Every structure is written in C-alpha cells, then in structure tokens.
Amino acid sequence: MYWVPDQGAESLRQVLGRSGLAITEVKKAVCLPLSRRIEVGLVAPEVWEDYALCRRQFSWYRHSSRLGQTLVVSSVPLGEAAPDPAVIIKDSSFRPPRLPDGEAQAALIQRESYRNSRPEEWENIEAEDREAQQKWLKVMGLQGLTFEDLFIGHCANHANFIEPAYQILEDRRPVPYSLGQTRTVCSACLEFYNIIGSSFKKKYVVPCPGAVLFSGMAPNHYYEVISL
C-alpha cells in the first residue's frame with residue numbers, strides 16, 4: 001500500500017498505465033482495493049469527500065497528514081513506479097488475549113490522546129438518519145444495543161490504535177489490535193491504510209462490515225498490518 005503526494009499522482013497514473021497492470025480507479029468505497037480481485041486500486045483525494053455512505057468516517061482522512069494524497073493499493077510490488085510502500089497487509093493467525101467490556105471501552109475514549117485526535121465530524125452521529133441506524137443494528141444482529149452504545153465501541157477501537165491499552169509485545173514493541181468482531185467495528189480502512197495507528201510498526205486489524213462486503217475480507221479475522 002502506497003501514499004502518493006498530489007504532485008506525483010498523475011505521473012504515477014501514466015507509469016502504471018504503461019505497465020500492463022489492471023488499474024481500478026475507485027470512486028466510492030475506499031476498502032474496495034483490498035479485494036483480491038483488484039490488481040492495483042487507486043483512490044483519489046476527492047473520494048474521501050464525495051462518498052456519502054462513509055463521509056463522517058472519512059473525516060479522519062480529511063484531518064490527517066494524508067489529506068490531498070492518492071492512495072495506491074497493489075497486490076504486486078510496484079518497484080520504481082511508486083515511492084516506497086507505507087504498509088504491507090498480510091494474513092495472520094492472531095487471537096486477542098483479552099477484550100474490553102462496555103465500561104472499559106467508555107474509559108478508552110475519555111483519554112486525552114483520543115479526544116485530541118478525533119475529528120468533530122466523526123462524533124456527529126446525531127446528524128445521521130435514525131431509521132438507517134436502527135436498520136443497521138438489525139442487519140448486524142445487534143438489536144439489543146442502541147446505536148450510541150455501538151458507537152462507543154467504534155470510538156474505543158480507534159482509540160486503542162492511538163494509545164493502546166490492549167496490545168501484545170513482539171520484539172519488545174507494542175502491537176495494538178482491534179477490540180471486537182466485524183459487526184462491532186467501523187471504518188477499519190483507517191487502520192489498514194495507516195491513517196490511524198501509523199506510529200506502530202505492526203497492528204492486528206479486524207475488517208469492518210464494509211471491508212467484508214466490498215472486498216471479500218474474512219469477517220472476525222485479524223490481519224497483520226506492517227508499517228515500513
């Protein structure tokens with residue numbers, strides 16, 4: 001996975017166009033390039049603004065150092081055609097040693113590290129359609145929860161990749177991991193693409209429902225995300 005500055009995006013498109021690789025310009029779900037069916041996927045900066053379904057979630061990109069950069073996800077090394085890759089995503093057999101309950105999740109999002117990092121738009125779930133939120137809970141089999149309760153888990157999951165409370169040590173380095181199953185996490189693309197958690201050499205990330213639906217990733221399965 002690569003991040004390409006604005007000034008290099010068009011020349012990269014030209015190089016890739018001559019490479020013989022199958023190039024997919026993603027216009028909506030940014031997790032689509034994670035699919036095994038896509039050889040090289042490009043996500044232009046405007047997609048993070050225009051895709052209405054995940055616009056609130058994409059506010060993390062719009063408030064990050066990656067703003068204005070083009071995302072390139074490739075199933076093959078691009079060599080000199082692209083800058084050094086930022087991330088390699090691999091399968092893993094990881095299992096979490098412990099997970100937080102609701103009280104512990106709430107504590108995670110009270111920490112300054114999360115509160116200082118979160119975009120205001122990410123927190124504005126009141127602006128979204130309530131009927132759609134209830135439908136989502138039903139589809140996910142979470143009728144016993146309110147969307148507000150589910151959202152605490154969404155926030156806590158991101159918070160754990162900012163300042164980990166749930167982690168393991170590998171080579172004496174902290175390795176944070178996702179805090180729930182697929183149906184209880186949101187916008188895992190932010191961890192897969194290093195918008196959140198870029199300060200860690202490695203993360204273990206569970207795909208969100210969108211990554212399962214659009215990209216065919218395995219639900220409830222941890223993937224190894226290695227920062228280079």
# chains A, B, ... in the order shown; residues from 1 in each chain; ligands from 1

call {"tool": "residues_around", "arguments": {"residues": "range 214-219 of chain A", "least_positions_apart": "2", "cutoff": "9 Å", "atoms": "only C-alpha atoms", "output": "count of residues only"}}
result
20

call {"tool": "select_by_dssp", "arguments": {"residues": "range 72-212 of chain A", "states": "alpha helix (DSSP H)", "output": "JSON, numbers by chain"}}
result
{"A": [102, 103, 104, 105, 106, 107, 108, 112, 113, 114, 115, 120, 121, 122, 123, 130, 131, 132, 133, 134, 135, 136, 137, 138, 139, 147, 148, 149, 150, 151, 152, 153, 154, 155, 156, 157, 158, 159, 160, 161, 162, 189, 190, 191, 192, 209, 210, 211, 212]}

call {"tool": "atom_distance", "arguments": {"atom1": "CA of Gln57 in chain A", "atom2": "CA of Phe161 in chain A"}}
result
15.5 Å

call {"tool": "atom_distance", "arguments": {"atom1": "CA of Ser19 in chain A", "atom2": "CA of Pro5 in chain A"}}
result
20.2 Å

call {"tool": "closest_residue", "arguments": {"among": "A:Val225, A:Arg18, A:Pro174, A:Gln134", "to": "Thr146 in chain A", "atoms": "only C-alpha atoms"}}
result
A:Gln134

call {"tool": "residues_around", "arguments": {"residues": "Leu12 in chain A", "least_positions_apart": "2", "cutoff": "12 Å", "atoms": "only C-alpha atoms", "output": "list in words"}}
result
Tyr2, Trp3, Val4, Pro5, Asp6, Gln7, Gly8, Ala9, Glu10, Gln14, Val15, Leu16, Gly17, Arg18, Ser19, Ile23, Val40, Leu42, Thr70, Leu71, Val72, Leu78, Gly79, Glu80, Ala81, Ala82 and Pro83 of chain A

call {"tool": "select_by_dssp", "arguments": {"residues": "range 55-205 of chain A", "states": "strand (DSSP E or B)", "output": "ChimeraX atom specification"}}
result
/A:70-74,87-91,167-170,173-177,202-205

call {"tool": "atom_distance", "arguments": {"atom1": "CA of Leu145 in chain A", "atom2": "CA of Ala159 in chain A"}}
result
20.6 Å

call {"tool": "closest_residue", "arguments": {"among": "A:Ile196, A:Val30, A:Ala165, A:Val185", "to": "Asn220 in chain A", "atoms": "only C-alpha atoms"}}
result
A:Val185

call {"tool": "closest_atom_pairs", "arguments": {"of": "range 11-97 of chain A", "to": "range 123-126 of chain A", "cutoff": "12 Å", "atoms": "only C-alpha atoms", "output": "JSON lines"}}
result
{"residue": "A:Cys54", "atom": "CA", "partner": "A:Ile125", "partner_atom": "CA", "distance": 11.7}
{"residue": "A:Arg55", "atom": "CA", "partner": "A:Asn124", "partner_atom": "CA", "distance": 11.2}
{"residue": "A:Arg56", "atom": "CA", "partner": "A:Asn124", "partner_atom": "CA", "distance": 7.7}
{"residue": "A:Gln57", "atom": "CA", "partner": "A:Glu123", "partner_atom": "CA", "distance": 9.1}
{"residue": "A:Phe58", "atom": "CA", "partner": "A:Glu123", "partner_atom": "CA", "distance": 11.7}
{"residue": "A:Ser59", "atom": "CA", "partner": "A:Glu123", "partner_atom": "CA", "distance": 9.8}
{"residue": "A:Trp60", "atom": "CA", "partner": "A:Glu123", "partner_atom": "CA", "distance": 10.8}

call {"tool": "residues_around", "arguments": {"residues": "Pro97 in chain A", "least_positions_apart": "5", "cutoff": "10 Å", "atoms": "only C-alpha atoms", "output": "PyMOL selection string"}}
result
chain A and resi 166-168+177

call {"tool": "closest_residue", "arguments": {"among": "A:Ala106, A:Leu169, A:Ile162, A:Leu142", "to": "Gly197 in chain A", "atoms": "only C-alpha atoms"}}
result
A:Ile162
